[in-house]
Amino acid sequence: MHTDESSDQDVLSDVTEAASAMLPMDMVRAIADLVDPAAVAKQMPWLAGELTKIALGKSDISFDQRDQRFTDEAWRANPYFRMLGQSYRLFEQWVNRMYESVDGSWQDKARARFAADVIAAALAPTNYLGTNPAALRRAIETSGLSLVSGTQNMLRDLARGGMPSMADREEFTVGKDLAATPGAVVYRDPMFELLQYTPATPKVRAIPLLMIPPQINRHYILDMSPGRSLAEYAVSQGIATFIVVWRNPSAPRGEGKWGLEDYLAAAERASTAVKAIARSDKLNLLGLCAGGITLAYQLAHLAAIGDDSANSATFVVTMLTGEKPNVVGMMDTKEARAALELAAAKQRVIPGTALRTVFAMLRPNDLVYNYLVSGWLMGKSPAPFDVLAWNDDATRTTARFAQESSRLAMDGWDGNGPTLHGVKTDFGKISCDSYHVGGYTDHITAWRACYDTAHLVGGAGKEMTLIRSGHIQSVVYPADSMRYDRWYGPPTPTDPDEWLKTAAVEKGSWWRPWAEWLTARSGNERQARAALGNRQYPPLGPAPGTYVYE
């Protein structure tokens, strides 16, 4: 269990301030937009007619076979459940019609869509014991034991923050089943630990790779279970691989002051150590999500000071601006900005449970109520799944970092990014080759915004690959898997949809072609050294280190 040494009063204050700061929108205003009186009045005759048909048993409203909530035969065969289910489906249709009537910017429409999805998902009859035929049947078949187990699951989840458990975390041990790639901590400071992975090949490439994970998640999204770890795969390809492990910030330790500039400076300290240990003037870098934002500003800063040590950059599901529809823009309201600014000024730290709830509510049926029904109503134990166990291992985030990152994404920077060591940064001055990865159904960093990143950064040699999947599954896509399609090719057109029309497409992971691309930019082979670190940066302990357990 990861704990913070805050007093109860500090924790309560942090949660209150952070919850305000992380409100994705003014929900009241979004709902008001959704239920405009004129639009409601226009739909009333249709709604009344459909309700009458349902009451008379003459409705032709059917259930989508792809909707797993209504696969039980009782929704079709039992008159009571059929009427209940059709009424809910009618409500969903009505909400969608209301959404279509909303005017305004894409942000206004996105907020209305969010409100519609949250309301509709919460009111589904499958979420409640008395109106879920499958849960009632299971209670009878188990003589009530499913209800006992469900209550135990609910109480456990409430004690952990309130969200239904997605996975059985007890099945996974960090350092054994997750974050298990062998290596050592070769540098540590108050912000991060630097891991060097043990070479798995007799020879390694001369130019090392430094991975920068997101500050709002555990680093081992890049080092999942063996066989599903990108770090492990990179090592297997003869790449000298290092990774940053961000410390879980704590307000009582004074870490609420950490902002984007602090993380940029930390990334540069890590880069300095990597180059020294690998005996290389150059290094390749990979940034994931928020880590990619840090990487972009780091590269821009290096360019500004005339440092050409960055040999290549890989941006995985990384969005740098909010011009295209995206979740950051949807959350960007005056109220949210003011709350984040206040929390940042007070050096507050946003609890991991708050962040996890916000992201889960973007897909409430899949990420909340699916697990509520399975665990609380059906009394089932969550299945062991490494990605979901990682997702449950939430970390805190400083309000300052959240505020600065979102402000820069939405407002832009007029050709200049933030100041680091007194130097202004400009993405266009970046000159190294870059590889960009997006997820076609990504609900957090929309793929079109990730595509725009390729045009914001400078450099001539660019490659774009788009996976037909979501935010995490596009990242954790083992080399031998053929589960999803991927589009790929140089991101030449400025319009992402034009690129998609002409991009090559094949089934398979991006890991293998990326490794080939990276190897071509990693220099000559040299004999791998058995010892990790060096005299200046001696090993401080085995991977995955100590910060991952905080």
# chains A, B, ... in the order shown; residues from 1 in each chain; ligands from 1
call {"tool": "residues_around", "arguments": {"residues": "Gly533 in chain A", "least_positions_apart": "3", "cutoff": "12 Å", "atoms": "only C-alpha atoms", "output": "short mmCIF file (atom, residue, chain, number, x, y, z; two decimals) with N, CA and C atoms, in the first residue's frame"}}
result
data_model
loop_
_atom_site.label_atom_id
_atom_site.label_comp_id
_atom_site.auth_asym_id
_atom_site.auth_seq_id
_atom_site.Cartn_x
_atom_site.Cartn_y
_atom_site.Cartn_z
N GLY A 183 17.82 -4.98 -13.54
CA GLY A 183 18.60 -3.76 -13.66
C GLY A 183 18.97 -3.22 -12.30
N ALA A 184 19.38 -1.97 -12.26
CA ALA A 184 19.81 -1.35 -11.00
C ALA A 184 19.48 0.13 -11.00
N VAL A 185 19.31 0.66 -9.80
CA VAL A 185 19.20 2.11 -9.63
C VAL A 185 20.61 2.68 -9.72
N VAL A 186 20.83 3.59 -10.67
CA VAL A 186 22.17 4.15 -10.84
C VAL A 186 22.22 5.64 -10.50
N TYR A 187 21.08 6.21 -10.14
CA TYR A 187 21.04 7.60 -9.70
C TYR A 187 19.74 7.82 -8.94
N LEU A 194 16.83 6.76 -11.35
CA LEU A 194 17.18 6.36 -12.71
C LEU A 194 17.57 4.90 -12.70
N LEU A 195 16.87 4.10 -13.50
CA LEU A 195 17.18 2.68 -13.62
C LEU A 195 17.98 2.42 -14.89
N GLN A 196 19.00 1.59 -14.77
CA GLN A 196 19.69 1.06 -15.94
C GLN A 196 19.37 -0.42 -16.01
N TYR A 197 18.87 -0.87 -17.17
CA TYR A 197 18.51 -2.27 -17.31
C TYR A 197 19.73 -3.09 -17.73
N THR A 198 19.78 -4.31 -17.21
CA THR A 198 20.88 -5.22 -17.50
C THR A 198 20.83 -5.66 -18.96
N ALA A 240 20.82 -0.20 -25.22
CA ALA A 240 21.19 0.14 -23.84
C ALA A 240 20.08 1.04 -23.28
N PHE A 242 17.57 2.82 -20.34
CA PHE A 242 17.42 3.44 -19.02
C PHE A 242 15.99 3.98 -18.91
N ALA A 273 23.29 11.76 -16.66
CA ALA A 273 23.76 10.51 -16.06
C ALA A 273 23.81 9.39 -17.10
N VAL A 274 22.80 9.31 -17.95
CA VAL A 274 22.75 8.25 -18.97
C VAL A 274 23.94 8.37 -19.91
N LYS A 275 24.23 9.56 -20.38
CA LYS A 275 25.36 9.75 -21.30
C LYS A 275 26.68 9.39 -20.63
N ALA A 276 26.81 9.74 -19.36
CA ALA A 276 28.05 9.43 -18.66
C ALA A 276 28.22 7.92 -18.48
N ILE A 277 27.17 7.25 -18.10
CA ILE A 277 27.25 5.80 -17.87
C ILE A 277 27.48 5.06 -19.18
N ALA A 278 26.81 5.49 -20.25
CA ALA A 278 26.92 4.81 -21.54
C ALA A 278 28.15 5.25 -22.32
N ARG A 279 28.88 6.22 -21.80
CA ARG A 279 30.06 6.77 -22.49
C ARG A 279 29.69 7.21 -23.91
N ARG A 529 28.74 -4.32 -21.15
CA ARG A 529 29.45 -4.42 -19.88
C ARG A 529 28.58 -5.12 -18.85
N ALA A 530 29.17 -6.03 -18.11
CA ALA A 530 28.41 -6.76 -17.09
C ALA A 530 28.03 -5.86 -15.93
N GLN A 536 31.15 7.33 -11.13
CA GLN A 536 30.39 8.53 -10.79
C GLN A 536 28.96 8.21 -10.40
N TYR A 537 28.41 7.17 -11.04
CA TYR A 537 27.02 6.77 -10.79
C TYR A 537 26.99 5.28 -10.43
N PRO A 538 27.42 4.92 -9.23
CA PRO A 538 27.45 3.50 -8.85
C PRO A 538 26.05 2.96 -8.58
N PRO A 539 25.86 1.66 -8.73
CA PRO A 539 24.56 1.05 -8.42
C PRO A 539 24.17 1.30 -6.97
N LEU A 540 22.92 1.69 -6.76
CA LEU A 540 22.42 1.98 -5.42
C LEU A 540 21.47 0.91 -4.91
N GLY A 541 21.18 -0.07 -5.75
CA GLY A 541 20.25 -1.12 -5.38
C GLY A 541 19.62 -1.69 -6.63
N PRO A 542 18.95 -2.84 -6.50
CA PRO A 542 18.36 -3.48 -7.68
C PRO A 542 17.12 -2.74 -8.18
#
call {"tool": "select_by_dssp", "arguments": {"residues": "range 271-352 of chain A", "states": "alpha helix (DSSP H)", "output": "ChimeraX atom specification"}}
result
/A:271-278,290-304,327-331,334-345,352
call {"tool": "residues_around", "arguments": {"residues": "range 49-57 of chain A", "least_positions_apart": "3", "cutoff": "7 Å", "atoms": "only C-alpha atoms", "output": "list in words"}}
result
Pro45, Trp46, Met83 and Gln86 of chain A
call {"tool": "closest_atom_pairs", "arguments": {"of": "range 93-184 of chain A", "to": "range 226-229 of chain A", "cutoff": "10 Å", "atoms": "only C-alpha atoms", "output": "tab-separated table"}}
result
residue	atom	partner	partner_atom	distance
A:Lys176	CA	A:Pro226	CA	9.2
A:Asp177	CA	A:Pro226	CA	7.2
A:Leu178	CA	A:Pro226	CA	7.5
A:Ala179	CA	A:Ser229	CA	8.3
A:Ala180	CA	A:Pro226	CA	7.0
A:Thr181	CA	A:Pro226	CA	7.4
call {"tool": "write_last_selection", "arguments": {"atoms": "N, CA and C atoms", "output": "CSV table (one decimal), in the first residue's frame"}}
result
chain,number,residue,atom,x,y,z
A,176,LYS,N,8.4,-8.4,-9.3
A,176,LYS,CA,8.4,-9.8,-9.7
A,176,LYS,C,7.5,-10.1,-10.9
A,177,ASP,N,6.3,-9.6,-10.9
A,177,ASP,CA,5.4,-9.8,-12.0
A,177,ASP,C,5.2,-8.5,-12.8
A,178,LEU,N,5.5,-7.4,-12.2
A,178,LEU,CA,5.4,-6.1,-12.9
A,178,LEU,C,6.7,-5.4,-12.6
A,179,ALA,N,7.2,-4.5,-13.5
A,179,ALA,CA,8.5,-3.8,-13.3
A,179,ALA,C,9.6,-4.8,-13.0
A,180,ALA,N,9.6,-5.9,-13.7
A,180,ALA,CA,10.5,-7.1,-13.4
A,180,ALA,C,11.7,-7.2,-14.2
A,181,THR,N,11.9,-6.3,-15.2
A,181,THR,CA,13.1,-6.4,-16.0
A,181,THR,C,14.4,-6.1,-15.2
call {"tool": "atom_distance", "arguments": {"atom1": "CA of Gly306 in chain A", "atom2": "CA of Cys432 in chain A"}}
result
12.6 Å
call {"tool": "closest_atom_pairs", "arguments": {"of": "range 198-295 of chain A", "to": "range 496-515 of chain A", "cutoff": "12 Å", "atoms": "only C-alpha atoms", "output": "JSON lines"}}
result
{"residue": "A:Arg205", "atom": "CA", "partner": "A:Ala515", "partner_atom": "CA", "distance": 11.8}
{"residue": "A:Leu209", "atom": "CA", "partner": "A:Ala515", "partner_atom": "CA", "distance": 11.0}
{"residue": "A:Leu222", "atom": "CA", "partner": "A:Trp511", "partner_atom": "CA", "distance": 11.8}
{"residue": "A:Arg228", "atom": "CA", "partner": "A:Trp511", "partner_atom": "CA", "distance": 10.7}
{"residue": "A:Ser229", "atom": "CA", "partner": "A:Trp511", "partner_atom": "CA", "distance": 10.3}
{"residue": "A:Leu230", "atom": "CA", "partner": "A:Trp511", "partner_atom": "CA", "distance": 7.6}
{"residue": "A:Ala231", "atom": "CA", "partner": "A:Trp511", "partner_atom": "CA", "distance": 10.5}
{"residue": "A:Glu232", "atom": "CA", "partner": "A:Trp511", "partner_atom": "CA", "distance": 11.3}
{"residue": "A:Tyr233", "atom": "CA", "partner": "A:Trp511", "partner_atom": "CA", "distance": 8.1}
{"residue": "A:Ala234", "atom": "CA", "partner": "A:Ala515", "partner_atom": "CA", "distance": 6.9}
{"residue": "A:Val235", "atom": "CA", "partner": "A:Ala515", "partner_atom": "CA", "distance": 10.1}
{"residue": "A:Ser236", "atom": "CA", "partner": "A:Ala515", "partner_atom": "CA", "distance": 10.0}
{"residue": "A:Gln237", "atom": "CA", "partner": "A:Ala515", "partner_atom": "CA", "distance": 7.2}
{"residue": "A:Gly238", "atom": "CA", "partner": "A:Ala515", "partner_atom": "CA", "distance": 9.6}
{"residue": "A:Ile239", "atom": "CA", "partner": "A:Ala515", "partner_atom": "CA", "distance": 8.7}
{"residue": "A:Asn284", "atom": "CA", "partner": "A:Ala515", "partner_atom": "CA", "distance": 11.8}
{"residue": "A:Leu286", "atom": "CA", "partner": "A:Trp514", "partner_atom": "CA", "distance": 11.2}
call {"tool": "closest_residue", "arguments": {"among": "A:Ala383, A:Ile61, A:Ala115, A:Ile243", "to": "Ala270 in chain A", "atoms": "only C-alpha atoms"}}
result
A:Ile243
call {"tool": "closest_atom_pairs", "arguments": {"of": "range 22-136 of chain A", "to": "range 140-160 of chain A", "cutoff": "12 Å", "atoms": "only C-alpha atoms", "output": "tab-separated table"}}
result
residue	atom	partner	partner_atom	distance
A:Leu129	CA	A:Leu147	CA	9.4
A:Pro133	CA	A:Ile140	CA	10.7
A:Ala134	CA	A:Ile140	CA	10.0
A:Ala135	CA	A:Ser146	CA	8.5
A:Leu136	CA	A:Ile140	CA	6.4
call {"tool": "write_last_selection", "arguments": {"atoms": "N, CA and C atoms", "output": "PDB file, in the first residue's frame"}}
result
ATOM      1  N   LEU A 129     -29.346  -3.871  -8.095  1.00  0.00           N
ATOM      2  CA  LEU A 129     -29.676  -5.278  -7.864  1.00  0.00           C
ATOM      3  C   LEU A 129     -31.104  -5.611  -8.261  1.00  0.00           C
ATOM      4  N   PRO A 133     -31.483  -8.630 -13.931  1.00  0.00           N
ATOM      5  CA  PRO A 133     -31.925 -10.031 -13.868  1.00  0.00           C
ATOM      6  C   PRO A 133     -30.781 -11.013 -13.654  1.00  0.00           C
ATOM      7  N   ALA A 134     -29.630 -10.739 -14.239  1.00  0.00           N
ATOM      8  CA  ALA A 134     -28.494 -11.653 -14.075  1.00  0.00           C
ATOM      9  C   ALA A 134     -28.021 -11.676 -12.628  1.00  0.00           C
ATOM     10  N   ALA A 135     -27.980 -10.518 -11.981  1.00  0.00           N
ATOM     11  CA  ALA A 135     -27.546 -10.453 -10.584  1.00  0.00           C
ATOM     12  C   ALA A 135     -28.558 -11.120  -9.666  1.00  0.00           C
ATOM     13  N   LEU A 136     -29.852 -10.931  -9.941  1.00  0.00           N
ATOM     14  CA  LEU A 136     -30.891 -11.577  -9.135  1.00  0.00           C
ATOM     15  C   LEU A 136     -30.820 -13.094  -9.276  1.00  0.00           C
TER      16      LEU A 136
END
call {"tool": "closest_residue", "arguments": {"among": "A:Pro384, A:Pro202, A:Pro364, A:Pro214", "to": "Phe315 in chain A", "atoms": "only C-alpha atoms"}}
result
A:Pro214
call {"tool": "residues_around", "arguments": {"residues": "Leu84 in chain A", "least_positions_apart": "2", "cutoff": "9 Å", "atoms": "only C-alpha atoms", "output": "PyMOL selection string"}}
result
chain A and resi 54+75+79-82+86-89+125+131
call {"tool": "write_last_selection", "arguments": {"atoms": "C-alpha atoms", "output": "short mmCIF file (atom, residue, chain, number, x, y, z; two decimals), in the first residue's frame"}}
result
data_model
loop_
_atom_site.label_atom_id
_atom_site.label_comp_id
_atom_site.auth_asym_id
_atom_site.auth_seq_id
_atom_site.Cartn_x
_atom_site.Cartn_y
_atom_site.Cartn_z
CA ILE A 54 -43.60 0.59 -24.49
CA TRP A 75 -34.36 -8.35 -21.27
CA PRO A 79 -42.28 -8.46 -19.96
CA TYR A 80 -41.18 -6.49 -16.89
CA PHE A 81 -37.50 -6.41 -17.81
CA ARG A 82 -38.29 -5.82 -21.48
CA GLN A 86 -36.81 -0.40 -23.54
CA SER A 87 -37.57 2.58 -21.30
CA TYR A 88 -33.87 2.96 -20.59
CA ARG A 89 -32.96 2.62 -24.26
CA PRO A 125 -31.00 -0.55 -14.69
CA THR A 131 -33.37 -4.31 -11.83
#
